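Enquirer: Below is a structure I'd like to ask you about.
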Amino acid sequence: MTSPIQFPGEDRSNEIRALVASDEPVAQRTFTPSQAVLAKSAGTFHFTPEGRRLYDYSSGVLVSNLGHNPRRWMQRFSGYLGWKPEHLTGEGEGDYFEAVTLTSYNAITEIEATAADRLLKSMRTTAFGKRLGSVLWAASGSEAVQKALWCCLHRDEKRDLIIATRYGFHGKKGLSGAVTGSEKDADRDPRVKFISFPMEEIDDVSKYDDELDLTPYRKELDALWEEYGSRLNCLITEPYLGGGGSYHPPLSYHKMLREWCDEHDVLFIMDEVQANFGRTGKMYAFEKYEIEPDLVCLGKGMGNGVPVNATVGRKDVLASLTYGEGSDTWSAAPLGCAALLATLDEFEQTDVMENTARLSEKFFAGLEKLKETGIIARVRGEGMVFGIECAGVGSLSPQEVATEVVRACYLGEEGGDGIHLLGALAGKVLRVSPPMTMTAEEADASLELLYRLLSDLAGKLQSAETAGAGAAG
C-alpha cells in the first residue's frame with residue numbers, strides 16, 4: 001500500500017486520506033501532489049474539511065464550467081426532473097413521490113427526446129454543424145469515443161484502420177485507449193496508425209501568430225494512404241492536445257486534416273469531451289476551429305457535474321449500429337439529460353461566453369507574468385483552458401518543480417486562500433481551467449495570489465539550491 005499524502009494541521013483531511021489509501025487502490029485516481037480533500041464547493045471555490053478556501057483551477061477537469069452548485073442551474077435541473085420542494089423536504093403522504101424516473105434502460109423518456117432535440121439544435125446553430133444529425137448517448141467520455149469508432153468501423157468493415165493524432169488522450173478503455181498516446185505505448189492495437197500533432201511550433205503563446213508549415217503533416221497522411229489506401233476508415237483528433245501538454249494549433253491544421261479526409265472519404269471524428277461547452281471560446285470546439293466534423297464526442301462540461309456524454313454525428317454513420325450494439329445501462333439516463341438541458345439553458349440565456357472572453361484576456365496576461373518568477377517557462381491556451389509549462393530550477397527538473405508548484409498552491413498563504421491544481425500533464429505542464437463564470441474580481445485576486453505563491457516558491461527553491469551547493473563545497 002502506498003503511504004497517504006499528509007500535511008501538517010489537516011487532521012480531518014489526513015484521516016480521510018489515510019482511510020482512502022487503506023480501502024482503495026492507487027489506480028482509482030491519477031497522482032496529484034496535494035491529494036486535496038474537498039468538503040464542499042460553491043462557485044469558484046472548494047473548501048477543505050478544515051475550512052480552508054481554495055480557488056478551483058481545475059473545474060473538476062473541465063466539468064464545472066458554470067461553477068459549483070449554481071443556484072439557478074440547480075433549480076432548472078430539479079425542475080426538469082419534476083422534483084418539487086415538498087418532495088425534497090419529506091412533506092406529503094407516503095414514502096415515495098411521483099417524478100421523472102431515474103432509470104430508463106431500454107425505455108424512452110420525454111426528457112431524453114427533449115435533450116436530444118435541444119442538443120442537435122444547439123450544435124446546428126453554426127454552419128459547421130450541418131453534418132450532425134443524430135445523437136448516440138454514452139456513459140462516459142471514453143465510451144463516447146469508443147461508440148464513435150464502432151460506428152465508423154461498422155460503416156465499412158473492409159476499411160479496418162484508424163488514424164489518430166499522436167499523444168492525444170481519448171480515454172483508457174477499449175478503442176478509446178487504443179487511440180490514446182502513441183505507437184510506443186504498451187498494448188497497442190495494430191489497427192491504429194498515428195500521425196503528428198503540432199507541438200514545438202506552438203509551445204508558447206508568443207508563437208501563435210507564426211504561420212505553421214503544414215507540409216510535413218500532409219506528407220504523413222499521404223504516406224499512410226500510399227501504404228494502406230482505402231483500408232483507412234476514420235481519423236480521430238482533439239481540438240487541442242489536452243493530456244499531452246495543452247498544445248493549441250492554428251485553424252489551418254484541422255482544416256488540412258478535414259480536407260484530406262474529404263479527398264479520401266475518411267471519416268473525421270472530433271473528440272471534444274474536454275473542450276465542448278465553451279472552453280475554447282466558442283460553444284463547440286469544431287465551431288472555433290471552423291471545420292465540419294462527421295462525428296463529435298461530447299462530455300464533461302455538458303452536464304456541469306452530472307455525468308452525461310454523447311457522440312453526435314452523421315445519421316448514416318450512427319445508423320451503422322443496430323439494436324443493442326450501442327446501448328448500456330446509463331446512456332441517456334434522465335439525470336444526465338436534465339443536467340444537459342439546464343446547462344444549455346444557462347449558455348443560451350446568460351452571458352457565459354461573453355464572460356469567458358473577458359476572463360481569457362485576464363488569464364493570458366496573468367499567466368504570462370508568471371514567467372518573471374523563473375518557475376514558468378511557457379504559457380499556452382485558448383478561451384478558458386491553459387497550460388503553464390514549468391522550468392527547471394538548479395538541480396530540480398521541470399517535473400519536480402511542477403510538483404512543488406501544486407503543493408505550494410494547495411497550501412496557499414498562511415491564514416489565507418490556496419489554489420487547487422491537478423498533477424502535471426506530460427510531466428511538467430499544469431492545466432489552468434477555472435469555472436467560466438468566475439467574476440473579474442475573483443480572476444484578478446486568484447492570479448495575483450498565484451504570482452505571489454510562485455514568487456515565494458522560486459525564492460525558497462533557489463535558496464535551497466544555494467545552501468545545498470554551499471554544503472557540498
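Letters A, B, ... go to the chains of the C-alpha cells in the order shown; residues in each chain start at 1; ligands are counted from 1 in the same order.
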Counting only C-alpha atoms, what is within 10 Å of A:Ser41, bar same-chain residues fewer than 4 positions away, as JSON, numbers by chain?
Expert: {"A": [45, 46, 47, 48, 53, 54, 55, 56, 67, 68, 69]}
Enquirer: Just to be explicit: take each residue in the selection above, keep N, CA, C and O atoms, and write the result as a CSV table (one decimal), in the first residue's frame.
Expert:
chain,number,residue,atom,x,y,z
A,45,PHE,N,-15.0,28.2,-5.8
A,45,PHE,CA,-14.2,27.7,-4.6
A,45,PHE,C,-14.5,26.3,-4.2
A,45,PHE,O,-15.7,25.9,-4.3
A,46,HIS,N,-13.5,25.7,-3.7
A,46,HIS,CA,-13.6,24.4,-2.9
A,46,HIS,C,-13.3,24.8,-1.5
A,46,HIS,O,-12.5,25.8,-1.2
A,47,PHE,N,-13.8,24.0,-0.5
A,47,PHE,CA,-13.5,24.2,0.9
A,47,PHE,C,-13.0,22.8,1.5
A,47,PHE,O,-13.7,21.8,1.2
A,48,THR,N,-11.9,22.9,2.2
A,48,THR,CA,-11.4,21.6,2.8
A,48,THR,C,-12.2,21.4,4.1
A,48,THR,O,-12.9,22.3,4.6
A,53,ARG,N,-10.1,27.8,2.2
A,53,ARG,CA,-10.8,28.0,0.9
A,53,ARG,C,-9.7,27.9,-0.2
A,53,ARG,O,-8.6,28.5,-0.2
A,54,LEU,N,-10.1,27.2,-1.3
A,54,LEU,CA,-9.2,27.0,-2.5
A,54,LEU,C,-9.9,27.5,-3.7
A,54,LEU,O,-11.0,27.2,-4.0
A,55,TYR,N,-9.2,28.4,-4.5
A,55,TYR,CA,-9.7,28.7,-5.8
A,55,TYR,C,-9.6,27.5,-6.7
A,55,TYR,O,-8.5,26.8,-6.7
A,56,ASP,N,-10.6,27.1,-7.3
A,56,ASP,CA,-10.6,25.9,-8.2
A,56,ASP,C,-10.1,26.2,-9.5
A,56,ASP,O,-10.8,26.8,-10.4
A,67,GLY,N,-19.4,26.7,-12.7
A,67,GLY,CA,-19.2,26.9,-11.3
A,67,GLY,C,-19.8,25.8,-10.5
A,67,GLY,O,-20.7,25.0,-11.0
A,68,HIS,N,-19.5,25.6,-9.3
A,68,HIS,CA,-20.0,24.6,-8.4
A,68,HIS,C,-21.3,25.0,-7.8
A,68,HIS,O,-21.5,26.0,-7.2
A,69,ASN,N,-22.3,24.1,-7.9
A,69,ASN,CA,-23.6,24.2,-7.3
A,69,ASN,C,-24.3,25.6,-7.6
A,69,ASN,O,-24.7,26.3,-6.7
Enquirer: Please list as a PyMOL selection string every residue within 12 Å of A:Leu457, counting only C-alpha atoms and excluding residues in the same chain fewer than 2 positions away.
Expert: chain A and resi 370+373-376+393+401-409+411-413+450-455+459-464
Enquirer: Nearest to A:Asp345 among A:Ser64, A:Phe277, A:His87, A:Met199, with distances taken over only C-alpha atoms: which residue is it?
Expert: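 So, comparing all the options, the nearest one is A:Phe277.
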Enquirer: Which polymer residues have any atom within 12 Å of an atom of A:Ala443, counting only C-alpha atoms, with same-chain residues fewer than 2 positions away left out, as a ChimeraX atom specification?
Expert: /A:44-45,55-57,355-356,358-367,384,419,432-441,445-450
Enquirer: For A:Arg231, which residue out of A:Leu88, A:Leu119, A:Leu212, A:Leu153 is the nearest one, using only C-alpha atoms?
Expert: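 Smallest separation from A:Arg231 among the options: A:Leu153.
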Enquirer: Counting only C-alpha atoms, which residue out of A:Asp204, A:Asp271, A:Asp294, A:Glu287 sits closest to A:Phe386?
Expert: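 Using only C-alpha atoms, A:Phe386 sits closest to A:Asp204.
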Enquirer: Could you go through stretch 77-258 of chain A and tell me which residues DSSP, when run on the backbone, assigns to strand (DSSP E), listing them as a ChimeraX atom specification?
Expert: /A:134-138,161-165,192-195,232-237
Enquirer: What is the atom CA of A:Val312-atom CA of A:Cys337 distance in Å, reported with one decimal?
Expert: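 It comes out at 14.5 Å.
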Enquirer: Neighbouring residues of A:Ala285 were defined as those with any atom within 10 Å, considering only C-alpha atoms; residues of the same chain fewer than 6 positions away were excluded. Please report them as number ranges by chain.
Expert: A: 238-240, 270-279, 291, 296
Enquirer: Using Å and a single decimal, report how far atom CA of A:Glu292 sits from atom CA of A:Gly129.
Expert: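 Atom CA of A:Glu292 lies at a distance of 6.0 Å from atom CA of A:Gly129.
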Enquirer: Taking the DSSP secondary structure from the backbone, can you list the residues of stretch 290-385 of chain A that are helix (DSSP H, G or I), as number ranges by chain?
Expert: A: 300-303, 315-318, 334-349, 352-373
Enquirer: Using N, CA and C atoms, can you export the residues from the last selection as a short mmCIF file (atom, residue, chain, number, x, y, z; two decimals), in the first residue's frame?
Expert:
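Once everything was written out, this is part.cif:
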data_model
loop_
_atom_site.label_atom_id
_atom_site.label_comp_id
_atom_site.auth_asym_id
_atom_site.auth_seq_id
_atom_site.Cartn_x
_atom_site.Cartn_y
_atom_site.Cartn_z
N LYS A 300 -18.04 15.79 -20.14
CA LYS A 300 -17.55 16.69 -19.11
C LYS A 300 -18.46 17.91 -18.90
N GLY A 301 -18.14 19.06 -19.48
CA GLY A 301 -18.85 20.30 -19.21
C GLY A 301 -20.30 20.32 -19.61
N MET A 302 -20.76 19.38 -20.43
CA MET A 302 -22.14 19.43 -20.89
C MET A 302 -23.13 19.11 -19.77
N GLY A 303 -22.66 18.55 -18.64
CA GLY A 303 -23.55 18.26 -17.53
C GLY A 303 -23.22 19.03 -16.27
N LYS A 315 -26.18 10.91 -39.57
CA LYS A 315 -27.19 9.88 -39.36
C LYS A 315 -26.79 8.56 -40.00
N ASP A 316 -26.24 8.61 -41.21
CA ASP A 316 -25.91 7.36 -41.90
C ASP A 316 -24.81 6.60 -41.19
N VAL A 317 -23.89 7.31 -40.55
CA VAL A 317 -22.78 6.65 -39.85
C VAL A 317 -23.27 6.04 -38.54
N LEU A 318 -24.02 6.81 -37.75
CA LEU A 318 -24.51 6.28 -36.48
C LEU A 318 -25.52 5.15 -36.70
N PRO A 334 -31.98 9.84 -17.32
CA PRO A 334 -32.72 11.08 -17.11
C PRO A 334 -31.94 12.13 -16.31
N LEU A 335 -31.15 11.72 -15.32
CA LEU A 335 -30.35 12.69 -14.56
C LEU A 335 -29.43 13.46 -15.49
N GLY A 336 -28.75 12.74 -16.38
CA GLY A 336 -27.84 13.40 -17.31
C GLY A 336 -28.57 14.29 -18.30
N CYS A 337 -29.72 13.82 -18.79
CA CYS A 337 -30.49 14.63 -19.74
C CYS A 337 -30.97 15.92 -19.09
N ALA A 338 -31.42 15.83 -17.83
CA ALA A 338 -31.85 17.03 -17.11
C ALA A 338 -30.69 18.00 -16.92
N ALA A 339 -29.50 17.46 -16.60
CA ALA A 339 -28.32 18.30 -16.42
C ALA A 339 -27.95 19.00 -17.72
N LEU A 340 -28.02 18.26 -18.82
CA LEU A 340 -27.71 18.85 -20.13
C LEU A 340 -28.67 19.99 -20.45
N LEU A 341 -29.97 19.77 -20.22
CA LEU A 341 -30.95 20.81 -20.52
C LEU A 341 -30.72 22.06 -19.66
N ALA A 342 -30.43 21.86 -18.38
CA ALA A 342 -30.17 23.00 -17.50
C ALA A 342 -28.92 23.75 -17.95
N THR A 343 -27.91 23.01 -18.43
CA THR A 343 -26.67 23.63 -18.89
C THR A 343 -26.90 24.40 -20.19
N LEU A 344 -27.65 23.82 -21.11
CA LEU A 344 -27.98 24.53 -22.35
C LEU A 344 -28.74 25.81 -22.05
N ASP A 345 -29.66 25.76 -21.09
CA ASP A 345 -30.40 26.96 -20.70
C ASP A 345 -29.46 28.08 -20.29
N GLU A 346 -28.47 27.75 -19.46
CA GLU A 346 -27.53 28.76 -18.98
C GLU A 346 -26.73 29.37 -20.12
N PHE A 347 -26.24 28.53 -21.01
CA PHE A 347 -25.45 29.06 -22.13
C PHE A 347 -26.29 29.88 -23.09
N GLU A 348 -27.54 29.50 -23.27
CA GLU A 348 -28.40 30.19 -24.24
C GLU A 348 -29.03 31.45 -23.67
N GLN A 349 -29.15 31.55 -22.35
CA GLN A 349 -29.90 32.66 -21.76
C GLN A 349 -29.05 33.61 -20.92
N VAL A 352 -22.49 33.70 -20.42
CA VAL A 352 -21.33 32.84 -20.10
C VAL A 352 -20.21 33.03 -21.11
N MET A 353 -20.53 33.03 -22.38
CA MET A 353 -19.48 33.10 -23.39
C MET A 353 -18.83 34.48 -23.43
N GLU A 354 -19.61 35.53 -23.21
CA GLU A 354 -19.03 36.88 -23.16
C GLU A 354 -18.10 36.99 -21.95
N ASN A 355 -18.52 36.42 -20.83
CA ASN A 355 -17.66 36.44 -19.64
C ASN A 355 -16.39 35.65 -19.88
N THR A 356 -16.51 34.54 -20.59
CA THR A 356 -15.34 33.72 -20.92
C THR A 356 -14.32 34.53 -21.72
N ALA A 357 -14.79 35.32 -22.67
CA ALA A 357 -13.88 36.14 -23.48
C ALA A 357 -13.16 37.17 -22.61
N ARG A 358 -13.88 37.77 -21.67
CA ARG A 358 -13.25 38.75 -20.78
C ARG A 358 -12.22 38.08 -19.87
N LEU A 359 -12.58 36.93 -19.34
CA LEU A 359 -11.66 36.21 -18.46
C LEU A 359 -10.42 35.75 -19.20
N SER A 360 -10.60 35.35 -20.46
CA SER A 360 -9.47 34.83 -21.24
C SER A 360 -8.35 35.86 -21.34
N GLU A 361 -8.72 37.11 -21.57
CA GLU A 361 -7.71 38.16 -21.66
C GLU A 361 -6.96 38.32 -20.34
N LYS A 362 -7.71 38.29 -19.24
CA LYS A 362 -7.08 38.42 -17.92
C LYS A 362 -6.11 37.27 -17.66
N PHE A 363 -6.53 36.06 -18.00
CA PHE A 363 -5.68 34.91 -17.69
C PHE A 363 -4.45 34.85 -18.58
N PHE A 364 -4.57 35.19 -19.84
CA PHE A 364 -3.38 35.23 -20.68
C PHE A 364 -2.35 36.20 -20.09
N ALA A 365 -2.81 37.37 -19.68
CA ALA A 365 -1.90 38.37 -19.13
C ALA A 365 -1.32 37.91 -17.79
N GLY A 366 -2.18 37.38 -16.91
CA GLY A 366 -1.72 36.95 -15.60
C GLY A 366 -0.78 35.77 -15.65
N LEU A 367 -1.04 34.83 -16.53
CA LEU A 367 -0.17 33.66 -16.64
C LEU A 367 1.15 34.00 -17.31
N GLU A 368 1.12 34.91 -18.27
CA GLU A 368 2.38 35.38 -18.89
C GLU A 368 3.30 36.00 -17.85
N LYS A 369 2.73 36.72 -16.90
CA LYS A 369 3.52 37.38 -15.86
C LYS A 369 4.28 36.38 -15.01
N LEU A 370 3.77 35.15 -14.93
CA LEU A 370 4.43 34.13 -14.11
C LEU A 370 5.83 33.79 -14.61
N LYS A 371 6.10 34.09 -15.87
CA LYS A 371 7.44 33.83 -16.40
C LYS A 371 8.50 34.63 -15.64
N GLU A 372 8.08 35.74 -15.04
CA GLU A 372 9.01 36.57 -14.28
C GLU A 372 9.57 35.83 -13.06
N THR A 373 8.86 34.84 -12.57
CA THR A 373 9.31 34.11 -11.38
C THR A 373 10.45 33.16 -11.67
#
Enquirer: Taking only C-alpha atoms into account, which of A:Pro85, A:Pro293, A:Gly242, A:Pro25 comes nearest A:Arg258?
Expert: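 Under the stated criterion, the closest residue is A:Pro293.
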Enquirer: I want to know what sits within 12 Å of A:Leu295, based on only C-alpha atoms, with residues of the same chain fewer than 2 positions away left out; could you give that as an NGL selection string?
Expert: :A and (123 or 128-136 or 144-152 or 234-238 or 258 or 266-272 or 286 or 291-293 or 297-298 or 310-318)
Enquirer: For stretch 175-182 of chain A, list every protein, DNA or RNA residue within 6 Å, evaluated using only C-alpha atoms, and leave out those in the same chain fewer than 5 positions away; present the list as a list of chain:residue names.
Expert: A:Ser142, A:Val145, A:Gln146, A:Ala164, A:Arg166, A:Tyr167, A:Gly168, A:Phe169, A:His170, A:Asp189
Enquirer: Excluding A:Ser22 and its own-chain neighbours fewer than 6 positions away, which residues fall within 10 Å of it when counting only C-alpha atoms? Please give them as a ChimeraX atom specification.
Expert: /A:1-4,16
Enquirer: Given the selection you just returned, output its residues as a file containing N, CA, C and O atoms, formatted as a compact mmCIF listing (two decimals), in the first residue's frame.
Expert:
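selection_34.txt, written as the output of this step:
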# COMPACT_ATOMS: atom_id res chain seq x y z
N MET A 1 0.84 -1.20 0.00
CA MET A 1 0.00 0.00 0.00
C MET A 1 0.87 1.24 0.00
O MET A 1 1.85 1.33 0.75
N THR A 2 0.56 2.22 -0.84
CA THR A 2 1.29 3.47 -0.88
C THR A 2 0.94 4.33 0.32
O THR A 2 -0.22 4.45 0.70
N SER A 3 1.96 4.94 0.94
CA SER A 3 1.70 5.81 2.09
C SER A 3 0.88 7.01 1.66
O SER A 3 1.18 7.64 0.64
N PRO A 4 -0.16 7.37 2.42
CA PRO A 4 -1.00 8.50 2.03
C PRO A 4 -0.26 9.82 2.19
O PRO A 4 0.60 9.97 3.05
N ILE A 16 -8.99 11.25 6.35
CA ILE A 16 -9.71 10.78 5.16
C ILE A 16 -8.74 10.22 4.13
O ILE A 16 -8.98 9.17 3.51
Enquirer: Expressed in Å to a single decimal, how great is the separation between atom CA of A:Leu102 and atom CA of A:Trp73?
Expert: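 Taking atom CA of A:Leu102 as the start and atom CA of A:Trp73 as the end point, the length is 18.8 Å.
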